[in-house]
>>> print(open('input-v1.cif').read())   # mmCIF, C-alpha atoms and all ligand atoms
data_query
loop_
_atom_site.group_PDB
_atom_site.id
_atom_site.type_symbol
_atom_site.label_atom_id
_atom_site.label_comp_id
_atom_site.auth_asym_id
_atom_site.auth_seq_id
_atom_site.Cartn_x
_atom_site.Cartn_y
_atom_site.Cartn_z
ATOM 1 C CA MET O 332 0.577 25.069 -29.089
ATOM 2 C CA SER O 333 3.697 24.900 -26.849
ATOM 3 C CA ALA O 334 7.078 23.919 -28.275
ATOM 4 C CA GLY O 335 7.550 20.153 -28.811
ATOM 5 C CA GLY O 336 8.755 18.058 -25.836
ATOM 6 C CA LEU O 337 10.844 14.880 -25.858
ATOM 7 C CA PHE O 338 8.690 13.316 -28.539
ATOM 8 C CA LYS O 339 7.480 15.031 -31.682
ATOM 9 C CA GLY O 340 4.013 16.408 -31.067
ATOM 10 C CA THR O 341 4.222 16.155 -27.261
ATOM 11 C CA PRO O 342 3.975 19.566 -25.588
ATOM 12 C CA HIS O 343 6.945 20.718 -23.562
ATOM 13 C CA LEU O 344 6.513 20.787 -19.752
ATOM 14 C CA ARG O 345 7.803 24.215 -18.736
ATOM 15 C CA PRO O 346 9.389 24.666 -15.264
ATOM 16 C CA ASP O 347 6.449 26.788 -14.039
ATOM 17 C CA GLU O 348 3.957 24.193 -15.284
ATOM 18 C CA HIS O 349 6.013 21.437 -13.673
ATOM 19 C CA ARG O 350 5.923 23.252 -10.338
ATOM 20 C CA LEU O 351 2.126 23.650 -10.411
ATOM 21 C CA LEU O 352 1.501 20.119 -11.654
ATOM 22 C CA SER O 353 3.865 18.454 -9.171
ATOM 23 C CA GLU O 354 2.393 20.500 -6.282
ATOM 24 C CA LEU O 355 -1.113 19.429 -7.246
ATOM 25 C CA ILE O 356 -0.096 15.764 -7.541
ATOM 26 C CA ARG O 357 1.804 15.979 -4.246
ATOM 27 C CA ALA O 358 -1.247 17.434 -2.480
ATOM 28 C CA ARG O 359 -3.640 14.785 -3.837
ATOM 29 C CA LEU O 360 -1.484 11.657 -3.933
ATOM 30 C CA GLY O 361 1.360 12.450 -1.507
ATOM 31 C CA LEU O 362 4.040 11.660 -4.095
ATOM 32 C CA ASP O 363 7.301 13.547 -3.693
ATOM 33 C CA LEU O 364 8.001 14.956 -7.169
ATOM 34 C CA GLY O 365 11.189 17.048 -7.072
ATOM 35 C CA VAL O 366 12.553 19.292 -9.841
ATOM 36 C CA GLU O 367 14.410 16.308 -11.294
ATOM 37 C CA THR O 368 11.091 14.688 -12.276
ATOM 38 C CA ARG O 369 10.276 17.210 -15.037
ATOM 39 C CA ALA O 370 11.397 14.976 -17.941
ATOM 40 C CA LEU O 371 9.699 11.982 -16.365
ATOM 41 C CA LEU O 372 6.364 13.774 -15.967
ATOM 42 C CA GLU O 373 6.614 15.171 -19.476
ATOM 43 C CA ARG O 374 7.279 11.721 -20.917
ATOM 44 C CA ARG O 375 4.706 9.811 -18.859
ATOM 45 C CA LEU O 376 1.848 12.312 -18.801
ATOM 46 C CA GLY O 377 2.342 13.639 -22.356
ATOM 47 C CA PRO O 378 0.112 10.920 -23.876
ATOM 48 C CA ARG O 379 -2.723 11.971 -21.544
ATOM 49 C CA LEU O 380 -2.747 15.445 -23.116
ATOM 50 C CA ALA O 381 -3.157 13.839 -26.529
ATOM 51 C CA ALA O 382 -5.923 11.564 -25.210
ATOM 52 C CA LEU O 383 -7.823 14.560 -23.820
ATOM 53 C CA GLY O 384 -7.127 16.809 -26.804
ATOM 54 C CA LEU O 385 -5.239 19.346 -24.674
ATOM 55 C CA SER O 386 -2.389 21.384 -26.101
ATOM 56 C CA SER O 387 -0.406 22.336 -22.984
ATOM 57 C CA PHE O 388 0.476 21.030 -19.547
ATOM 58 C CA ALA O 389 -1.071 24.202 -18.102
ATOM 59 C CA ASP O 390 -4.425 23.057 -19.531
ATOM 60 C CA TYR O 391 -3.820 19.563 -18.195
ATOM 61 C CA GLU O 392 -3.113 20.915 -14.710
ATOM 62 C CA MET O 393 -6.403 22.868 -14.824
ATOM 63 C CA HIS O 394 -8.223 19.752 -16.033
ATOM 64 C CA LEU O 395 -6.915 17.766 -13.078
ATOM 65 C CA ARG O 396 -7.487 20.559 -10.573
ATOM 66 C CA PHE O 397 -11.150 20.861 -11.498
ATOM 67 C CA ALA O 398 -11.821 17.207 -12.344
ATOM 68 C CA GLN O 399 -15.432 16.375 -11.510
ATOM 69 C CA PRO O 400 -16.491 13.258 -9.603
ATOM 70 C CA GLY O 401 -16.659 10.433 -12.130
ATOM 71 C CA ASP O 402 -13.823 11.878 -14.240
ATOM 72 C CA ASP O 403 -11.225 9.120 -14.152
ATOM 73 C CA GLU O 404 -8.201 11.279 -15.009
ATOM 74 C CA TRP O 405 -6.832 10.984 -11.472
ATOM 75 C CA ASP O 406 -6.976 7.187 -11.878
ATOM 76 C CA HIS O 407 -4.796 7.509 -14.980
ATOM 77 C CA VAL O 408 -2.309 9.725 -13.143
ATOM 78 C CA THR O 409 -2.217 7.262 -10.256
ATOM 79 C CA GLU O 410 -1.517 4.296 -12.534
ATOM 80 C CA ILE O 411 1.107 6.200 -14.503
ATOM 81 C CA LEU O 412 3.064 7.522 -11.502
ATOM 82 C CA THR O 413 2.856 4.847 -8.817
ATOM 83 C CA VAL O 414 5.004 1.736 -8.445
ATOM 84 C CA HIS O 415 3.019 -1.458 -7.761
ATOM 85 C CA GLU O 416 5.920 -3.870 -7.308
ATOM 86 C CA THR O 417 5.022 -6.610 -4.835
ATOM 87 C CA TYR O 418 5.076 -10.407 -4.434
ATOM 88 C CA PHE O 419 4.270 -13.164 -1.953
ATOM 89 C CA PHE O 420 6.522 -13.275 1.132
ATOM 90 C CA ARG O 421 8.380 -10.065 0.249
ATOM 91 C CA GLN O 422 10.968 -9.352 2.969
ATOM 92 C CA PRO O 423 10.384 -12.834 4.409
ATOM 93 C CA GLU O 424 12.443 -12.438 7.606
ATOM 94 C CA GLN O 425 10.225 -9.555 8.630
ATOM 95 C CA LEU O 426 7.066 -11.557 8.008
ATOM 96 C CA ARG O 427 8.418 -14.614 9.821
ATOM 97 C CA ALA O 428 9.345 -12.395 12.794
ATOM 98 C CA LEU O 429 5.789 -11.144 12.760
ATOM 99 C CA SER O 430 4.262 -14.606 12.839
ATOM 100 C CA ASP O 431 6.837 -16.307 15.091
ATOM 101 C CA GLU O 432 7.216 -13.535 17.672
ATOM 102 C CA LEU O 433 4.166 -11.302 17.525
ATOM 103 C CA PHE O 434 1.313 -13.653 16.708
ATOM 104 C CA PRO O 435 1.841 -15.624 19.974
ATOM 105 C CA VAL O 436 1.845 -12.374 21.992
ATOM 106 C CA LEU O 437 -1.384 -11.199 20.368
ATOM 107 C CA HIS O 438 -2.910 -14.639 20.772
ATOM 108 C CA GLU O 439 -2.335 -14.446 24.502
ATOM 109 C CA ARG O 440 -3.250 -10.770 24.887
ATOM 110 C CA LYS O 441 -6.514 -11.104 22.973
ATOM 111 C CA ALA O 442 -7.572 -14.550 24.182
ATOM 112 C CA ASN O 443 -10.757 -13.135 25.736
ATOM 113 C CA ARG O 444 -12.047 -11.303 22.696
ATOM 114 C CA ARG O 445 -10.676 -13.772 20.102
ATOM 115 C CA ARG O 446 -10.469 -11.070 17.452
ATOM 116 C CA LEU O 447 -7.445 -10.193 15.308
ATOM 117 C CA ALA O 448 -7.419 -7.267 12.868
ATOM 118 C CA ILE O 449 -4.570 -6.505 10.466
ATOM 119 C CA TRP O 450 -4.346 -3.790 7.798
ATOM 120 C CA SER O 451 -1.991 -3.701 4.847
ATOM 121 C CA ALA O 452 -2.291 -0.024 3.943
ATOM 122 C CA ALA O 453 -0.614 -0.019 0.512
ATOM 123 C CA CYS O 454 -1.172 -3.599 -0.564
ATOM 124 C CA ALA O 455 -0.822 -3.120 -4.342
ATOM 125 C CA SER O 456 -2.265 -6.250 -6.027
ATOM 126 C CA GLY O 457 -2.857 -8.131 -2.760
ATOM 127 C CA GLU O 458 0.078 -10.550 -2.418
ATOM 128 C CA GLU O 459 1.051 -9.024 0.956
ATOM 129 C CA VAL O 460 -2.474 -9.453 2.293
ATOM 130 C CA TYR O 461 -2.721 -13.092 1.219
ATOM 131 C CA THR O 462 0.764 -13.724 2.619
ATOM 132 C CA LEU O 463 -0.519 -12.505 5.997
ATOM 133 C CA GLY O 464 -3.543 -14.769 5.624
ATOM 134 C CA ILE O 465 -1.266 -17.747 4.908
ATOM 135 C CA LEU O 466 0.862 -16.908 7.956
ATOM 136 C CA VAL O 467 -2.229 -16.709 10.151
ATOM 137 C CA ARG O 468 -3.403 -20.113 8.895
ATOM 138 C CA GLN O 469 0.073 -21.684 9.135
ATOM 139 C CA SER O 470 0.476 -20.466 12.729
ATOM 140 C CA GLY O 471 -2.541 -22.562 13.765
ATOM 141 C CA LEU O 472 -3.133 -20.021 16.541
ATOM 142 C CA PHE O 473 -6.304 -18.268 15.545
ATOM 143 C CA VAL O 474 -8.677 -21.142 14.788
ATOM 144 C CA ASP O 475 -12.271 -20.040 15.455
ATOM 145 C CA TRP O 476 -11.176 -16.458 15.987
ATOM 146 C CA ASP O 477 -12.685 -13.492 14.169
ATOM 147 C CA VAL O 478 -9.673 -12.721 11.934
ATOM 148 C CA ARG O 479 -9.883 -9.843 9.476
ATOM 149 C CA ILE O 480 -7.079 -8.806 7.188
ATOM 150 C CA TYR O 481 -7.804 -5.605 5.317
ATOM 151 C CA GLY O 482 -5.914 -4.591 2.195
ATOM 152 C CA SER O 483 -6.161 -1.140 0.678
ATOM 153 C CA ASP O 484 -4.426 0.735 -2.109
ATOM 154 C CA ILE O 485 -5.040 3.905 -4.055
ATOM 155 C CA SER O 486 -5.058 1.956 -7.333
ATOM 156 C CA LYS O 487 -8.448 0.639 -8.443
ATOM 157 C CA LYS O 488 -6.758 -1.750 -10.886
ATOM 158 C CA CYS O 489 -4.633 -3.227 -8.116
ATOM 159 C CA ILE O 490 -7.636 -3.722 -5.863
ATOM 160 C CA ALA O 491 -9.510 -5.494 -8.688
ATOM 161 C CA THR O 492 -6.520 -7.857 -9.138
ATOM 162 C CA ALA O 493 -6.324 -8.411 -5.389
ATOM 163 C CA ARG O 494 -9.983 -9.349 -5.220
ATOM 164 C CA ARG O 495 -9.506 -11.935 -7.993
ATOM 165 C CA GLY O 496 -6.738 -13.651 -6.001
ATOM 166 C CA VAL O 497 -5.190 -15.272 -9.088
ATOM 167 C CA TYR O 498 -1.480 -14.807 -9.821
ATOM 168 C CA GLY O 499 1.239 -15.827 -12.259
ATOM 169 C CA GLU O 500 4.698 -17.299 -11.498
ATOM 170 C CA SER O 501 6.301 -13.887 -10.961
ATOM 171 C CA ALA O 502 4.225 -13.333 -7.827
ATOM 172 C CA PHE O 503 6.217 -16.157 -6.201
ATOM 173 C CA ARG O 504 9.821 -14.980 -6.276
ATOM 174 C CA THR O 505 10.940 -15.745 -2.753
ATOM 175 C CA VAL O 506 8.831 -18.867 -2.191
ATOM 176 C CA SER O 507 7.572 -21.386 -4.702
ATOM 177 C CA ALA O 508 3.814 -21.494 -5.128
ATOM 178 C CA GLU O 509 3.958 -25.292 -4.612
ATOM 179 C CA SER O 510 5.457 -24.834 -1.135
ATOM 180 C CA LEU O 511 2.394 -22.776 -0.126
ATOM 181 C CA ALA O 512 -0.076 -25.640 -0.701
ATOM 182 C CA PRO O 513 -2.844 -25.999 0.383
ATOM 183 C CA TYR O 514 -3.234 -22.206 0.668
ATOM 184 C CA VAL O 515 -2.274 -21.629 -2.967
ATOM 185 C CA ARG O 516 -3.381 -23.981 -5.743
ATOM 186 C CA ARG O 517 -2.373 -24.298 -9.360
ATOM 187 C CA VAL O 518 -5.211 -23.473 -11.747
ATOM 188 C CA GLU O 519 -5.736 -26.320 -14.218
ATOM 189 C CA GLY O 520 -4.994 -25.355 -17.790
ATOM 190 C CA LYS O 521 -2.327 -24.566 -20.314
ATOM 191 C CA PRO O 522 0.938 -22.802 -19.487
ATOM 192 C CA PRO O 523 1.804 -20.185 -18.351
ATOM 193 C CA ALA O 524 1.079 -21.454 -14.850
ATOM 194 C CA THR O 525 -1.379 -19.510 -12.755
ATOM 195 C CA TYR O 526 -2.246 -19.995 -9.123
ATOM 196 C CA GLU O 527 -5.238 -19.096 -7.007
ATOM 197 C CA VAL O 528 -5.450 -18.401 -3.328
ATOM 198 C CA SER O 529 -7.594 -20.924 -1.458
ATOM 199 C CA SER O 530 -10.924 -19.959 0.049
ATOM 200 C CA SER O 531 -9.625 -20.665 3.568
ATOM 201 C CA VAL O 532 -7.248 -17.697 3.148
ATOM 202 C CA ARG O 533 -9.437 -15.555 0.905
ATOM 203 C CA GLY O 534 -12.191 -15.683 3.499
ATOM 204 C CA LEU O 535 -9.965 -13.727 5.893
ATOM 205 C CA CYS O 536 -9.074 -10.974 3.415
ATOM 206 C CA HIS O 537 -11.076 -7.865 2.518
ATOM 207 C CA PHE O 538 -10.045 -5.250 -0.032
ATOM 208 C CA GLY O 539 -10.946 -1.640 -0.713
ATOM 209 C CA GLN O 540 -9.575 1.365 -2.546
ATOM 210 C CA LEU O 541 -8.186 4.048 -0.239
ATOM 211 C CA ASN O 542 -5.978 7.098 -0.690
ATOM 212 C CA LEU O 543 -3.892 7.506 2.463
ATOM 213 C CA VAL O 544 -3.646 11.242 1.836
ATOM 214 C CA ASP O 545 -7.419 11.582 1.909
ATOM 215 C CA PRO O 546 -8.720 8.433 3.590
ATOM 216 C CA GLY O 547 -12.232 9.469 4.641
ATOM 217 C CA PRO O 548 -13.855 7.814 7.646
ATOM 218 C CA LEU O 549 -12.204 4.542 8.618
ATOM 219 C CA ALA O 550 -14.233 3.820 11.737
ATOM 220 C CA PRO O 551 -16.008 0.762 10.209
ATOM 221 C CA ILE O 552 -12.818 -1.302 10.342
ATOM 222 C CA GLY O 553 -12.396 -0.716 14.083
ATOM 223 C CA HIS O 554 -9.048 -0.673 15.851
ATOM 224 C CA LEU O 555 -6.187 -2.698 14.437
ATOM 225 C CA ASP O 556 -3.638 -4.979 16.054
ATOM 226 C CA ILE O 557 -1.086 -4.718 13.234
ATOM 227 C CA ILE O 558 -0.677 -2.233 10.399
ATOM 228 C CA LEU O 559 1.770 -2.857 7.578
ATOM 229 C CA CYS O 560 2.754 0.009 5.319
ATOM 230 C CA ARG O 561 5.738 -1.288 3.434
ATOM 231 C CA ASN O 562 7.493 0.349 0.504
ATOM 232 C CA LEU O 563 5.237 3.353 0.145
ATOM 233 C CA LEU O 564 6.592 6.048 2.484
ATOM 234 C CA ILE O 565 9.785 6.203 0.386
ATOM 235 C CA TYR O 566 7.683 7.764 -2.387
ATOM 236 C CA PHE O 567 5.824 10.198 -0.117
ATOM 237 C CA ASP O 568 6.778 13.757 0.736
ATOM 238 C CA GLU O 569 7.224 14.692 4.394
ATOM 239 C CA ARG O 570 3.687 16.017 4.873
ATOM 240 C CA ALA O 571 2.028 12.901 3.448
ATOM 241 C CA ARG O 572 4.353 10.691 5.500
ATOM 242 C CA ARG O 573 3.384 12.484 8.721
ATOM 243 C CA ARG O 574 -0.291 12.356 7.857
ATOM 244 C CA ALA O 575 -0.172 8.617 7.134
ATOM 245 C CA ILE O 576 1.720 7.888 10.363
ATOM 246 C CA GLU O 577 -0.786 9.941 12.390
ATOM 247 C CA LEU O 578 -3.584 7.943 10.801
ATOM 248 C CA PHE O 579 -1.855 4.656 11.650
ATOM 249 C CA TYR O 580 -1.323 5.751 15.246
ATOM 250 C CA GLU O 581 -4.973 6.681 15.553
ATOM 251 C CA ARG O 582 -6.199 3.404 14.004
ATOM 252 C CA LEU O 583 -3.943 1.117 16.059
ATOM 253 C CA ALA O 584 -5.202 -0.338 19.335
ATOM 254 C CA PRO O 585 -2.943 0.379 22.337
ATOM 255 C CA GLY O 586 -0.054 -2.108 22.086
ATOM 256 C CA GLY O 587 -0.620 -2.393 18.314
ATOM 257 C CA ILE O 588 2.272 -2.836 15.901
ATOM 258 C CA LEU O 589 3.321 -0.762 12.880
ATOM 259 C CA VAL O 590 5.525 -2.479 10.297
ATOM 260 C CA LEU O 591 7.359 -0.399 7.689
ATOM 261 C CA GLY O 592 9.549 -1.439 4.750
ATOM 262 C CA HIS O 593 13.278 -1.930 5.286
ATOM 263 C CA ALA O 594 14.188 1.402 3.695
ATOM 264 C CA GLU O 595 11.652 3.300 5.831
ATOM 265 C CA SER O 596 11.647 4.601 9.395
ATOM 266 C CA LEU O 597 9.869 7.029 11.699
ATOM 267 C CA LEU O 598 13.012 9.122 12.168
ATOM 268 C CA HIS O 599 11.960 12.810 11.935
ATOM 269 C CA VAL O 600 8.342 11.713 11.396
ATOM 270 C CA SER O 601 6.936 10.685 14.778
ATOM 271 C CA THR O 602 8.041 10.142 18.357
ATOM 272 C CA ASP O 603 4.719 8.654 19.473
ATOM 273 C CA PHE O 604 5.751 5.053 18.851
ATOM 274 C CA GLU O 605 8.180 2.852 20.780
ATOM 275 C CA LEU O 606 10.773 0.784 18.953
ATOM 276 C CA LEU O 607 10.300 -2.932 19.366
ATOM 277 C CA HIS O 608 13.348 -5.112 18.667
ATOM 278 C CA LEU O 609 12.448 -8.503 17.273
ATOM 279 C CA GLN O 610 15.072 -11.170 16.677
ATOM 280 C CA ASN O 611 15.761 -10.147 13.092
ATOM 281 C CA ASP O 612 13.855 -6.951 12.730
ATOM 282 C CA LEU O 613 12.596 -3.684 14.145
ATOM 283 C CA VAL O 614 8.946 -2.715 14.279
ATOM 284 C CA TYR O 615 7.051 0.125 15.971
ATOM 285 C CA ASN O 616 4.742 -0.280 18.907
ATOM 286 C CA LYS O 617 1.914 2.030 19.969
ATOM 287 C CA PRO O 618 2.438 2.117 23.757
ATOM 288 C CA LEU O 619 0.062 -0.155 25.658
ATOM 289 C CA LYS O 620 -0.769 2.764 27.936
ATOM 290 C CA ALA O 621 -1.672 5.096 25.070
ATOM 291 C CA THR O 622 -5.060 6.657 25.686
ATOM 292 C CA THR O 623 -6.001 7.465 22.077
HETATM 293 C C1 LIG Q 701 5.636 -0.590 -4.020
HETATM 294 S S1 LIG Q 701 3.945 -0.904 -3.683
HETATM 295 C C2 LIG Q 701 4.080 -1.706 -2.108
HETATM 296 C C3 LIG Q 701 3.296 -2.987 -2.057
HETATM 297 C C4 LIG Q 701 3.488 -3.823 -0.796
HETATM 298 N N1 LIG Q 701 3.211 -3.070 0.399
HETATM 299 C C5 LIG Q 701 4.880 -4.386 -0.730
HETATM 300 O O1 LIG Q 701 5.722 -3.906 0.035
HETATM 301 O O2 LIG Q 701 5.171 -5.345 -1.484
HETATM 302 C C6 LIG Q 701 3.375 0.749 -3.230
HETATM 303 C C7 LIG Q 701 1.860 0.888 -3.371
HETATM 304 O O3 LIG Q 701 1.465 2.121 -2.774
HETATM 305 C C8 LIG Q 701 0.334 2.590 -3.477
HETATM 306 N N2 LIG Q 701 0.125 4.024 -3.230
HETATM 307 C C9 LIG Q 701 0.776 5.080 -3.785
HETATM 308 N N3 LIG Q 701 0.265 6.235 -3.320
HETATM 309 C C10 LIG Q 701 -0.724 5.906 -2.446
HETATM 310 C C11 LIG Q 701 -1.628 6.655 -1.650
HETATM 311 N N4 LIG Q 701 -1.627 7.992 -1.673
HETATM 312 N N5 LIG Q 701 -2.519 5.999 -0.868
HETATM 313 C C12 LIG Q 701 -2.542 4.628 -0.871
HETATM 314 N N6 LIG Q 701 -1.722 3.863 -1.614
HETATM 315 C C13 LIG Q 701 -0.812 4.496 -2.385
HETATM 316 C C14 LIG Q 701 0.652 2.277 -4.935
HETATM 317 O O4 LIG Q 701 -0.517 2.215 -5.736
HETATM 318 C C15 LIG Q 701 1.391 0.940 -4.818
HETATM 319 O O5 LIG Q 701 0.541 -0.140 -5.097
#
>>> encode(input="input-v1.cif", output="structure tokens")
Amino acid sequence: MSAGGLFKGTPHLRPDEHRLLSELIRARLGLDLGVETRALLERRLGPRLAALGLSSFADYEMHLRFAQPGDDEWDHVTEILTVHETYFFRQPEQLRALSDELFPVLHERKANRRRLAIWSAACASGEEVYTLGILVRQSGLFVDWDVRIYGSDISKKCIATARRGVYGESAFRTVSAESLAPYVRRVEGKPPATYEVSSSVRGLCHFGQLNLVDPGPLAPIGHLDIILCRNLLIYFDERARRRAIELFYERLAPGGILVLGHAESLLHVSTDFELLHLQNDLVYNKPLKATT
């Protein structure tokens, strides 16, 4: 048994074990885990060793490395190390710019095909996806169009919550749930208040689990007009960031738009996109003349 860690009985995470473990997690999940994360990993993953009856982090690293299909240990690691913070109308100016300035352009450009496809690539528990659905409905532009809004996340738990489409008060921090009627409705019953997304919005939204570091074939969702990947790249290392951006470029239709979070940019990541200045925001544009 290794020497005790932060808590009595928890094995100590040695620097060499930390290096191997953080490299493995970085390769599988994309998360940037620098040397300063040793105490954090020891504290957060320590209970998993106890749950599996393992006595050292070296054993835990081997367990993860050779985890068989069906072994849910990677799901535990994902839940323990990822941040799922999200809410309806997060970064509202950006979303309003999207609906006020870009929806009309897409409406005109795609008038012949009458198809709009949007992907929220790290949607957590789904609030961002439903917000997009509400904006599409509120715009009144895409009536009788084939509108598909895809939401994906690496977290199975988050995707299950997203599919339910039922949220508490805290999901409505920048807008009141009441102001989103009729797209969000209060569920009858005792406090605390809960709200469900209406079928007119839910019908546009489709969810699936997806790891952006290892996405598998994405051809079934076709080419996209808008991709949002907000508040994820800040947690990624450079390799995972590049890989995700390459995937987004490939999945966007020519002229398609990439929207990142306010703390994120393509600086030092990609020069393939053009910058598009909206009234209150910046987004990235796959050139209309792009051939791939
Ligand atoms: C902070 S949330 C962002 C939610 C939403 N986009 C927003 O801005 O409100 C980041 C999400 O990225 C997901 N995530 C982390 N690593 C991922 C990966 N490798 N592939 C896909 N999603 C990942 C997490 O599970 C988490 O739900």
>>> closest_residue(input="input-v1.cif", among="O:Leu376, O:Leu383, O:Val506, O:Ile356", to="Arg421 in chain O", atoms="only C-alpha atoms")
O:Val506
>>> closest_residue(input="input-v1.cif", among="O:Leu511, O:Leu463, O:Ala442, O:Leu541", to="Asp484 in chain O", atoms="all atoms listed in the file")
O:Leu541
>>> residues_around(input="input-v1.cif", residues="range 444-452 of chain O", least_positions_apart="5", cutoff="6 Å", atoms="all atoms listed in the file", output="list in words")
Trp476, Asp477, Val478, Arg479, Ile480, Tyr481, Gly482, Ser483, Leu555, Asp556, Ile557, Ile558, Leu559 and Cys560 of chain O
>>> write_last_selection(input="input-v1.cif", atoms="C-alpha atoms", output="mmCIF file, in the coordinates of the input")
data_model
loop_
_atom_site.group_PDB
_atom_site.id
_atom_site.type_symbol
_atom_site.label_atom_id
_atom_site.label_comp_id
_atom_site.auth_asym_id
_atom_site.auth_seq_id
_atom_site.Cartn_x
_atom_site.Cartn_y
_atom_site.Cartn_z
ATOM 1 C CA TRP O 476 -11.176 -16.458 15.987
ATOM 2 C CA ASP O 477 -12.685 -13.492 14.169
ATOM 3 C CA VAL O 478 -9.673 -12.721 11.934
ATOM 4 C CA ARG O 479 -9.883 -9.843 9.476
ATOM 5 C CA ILE O 480 -7.079 -8.806 7.188
ATOM 6 C CA TYR O 481 -7.804 -5.605 5.317
ATOM 7 C CA GLY O 482 -5.914 -4.591 2.195
ATOM 8 C CA SER O 483 -6.161 -1.140 0.678
ATOM 9 C CA LEU O 555 -6.187 -2.698 14.437
ATOM 10 C CA ASP O 556 -3.638 -4.979 16.054
ATOM 11 C CA ILE O 557 -1.086 -4.718 13.234
ATOM 12 C CA ILE O 558 -0.677 -2.233 10.399
ATOM 13 C CA LEU O 559 1.770 -2.857 7.578
ATOM 14 C CA CYS O 560 2.754 0.009 5.319
#
>>> residues_around(input="input-v1.cif", residues="Glu348 in chain O", least_positions_apart="2", cutoff="12 Å", atoms="all atoms listed in the file", output="list in words")
Ser333, Pro342, His343, Leu344, Arg345, Pro346, Arg350, Leu351, Leu352, Ser353, Glu354, Leu355, Val366, Arg369, Leu372, Glu373, Ser387, Phe388, Ala389, Asp390, Tyr391, Glu392 and Met393 of chain O
>>> resolve_selection(input="input-v1.cif", expression="the PyMOL selection byres (((chain O and resi 360) around 12) and not hetatm)", output="JSON, numbers by chain")
{"O": [352, 353, 354, 355, 356, 357, 358, 359, 361, 362, 363, 364, 405, 406, 408, 409, 410, 412, 413, 484, 485, 486, 541, 542, 543, 544, 545, 546, 563, 564, 566, 567, 568, 570, 571, 572, 574, 575]}
>>> closest_residue(input="input-v1.cif", among="O:Ile411, O:Ile565, O:Gly401, O:Leu549", to="Pro378 in chain O", atoms="all atoms listed in the file")
O:Ile411
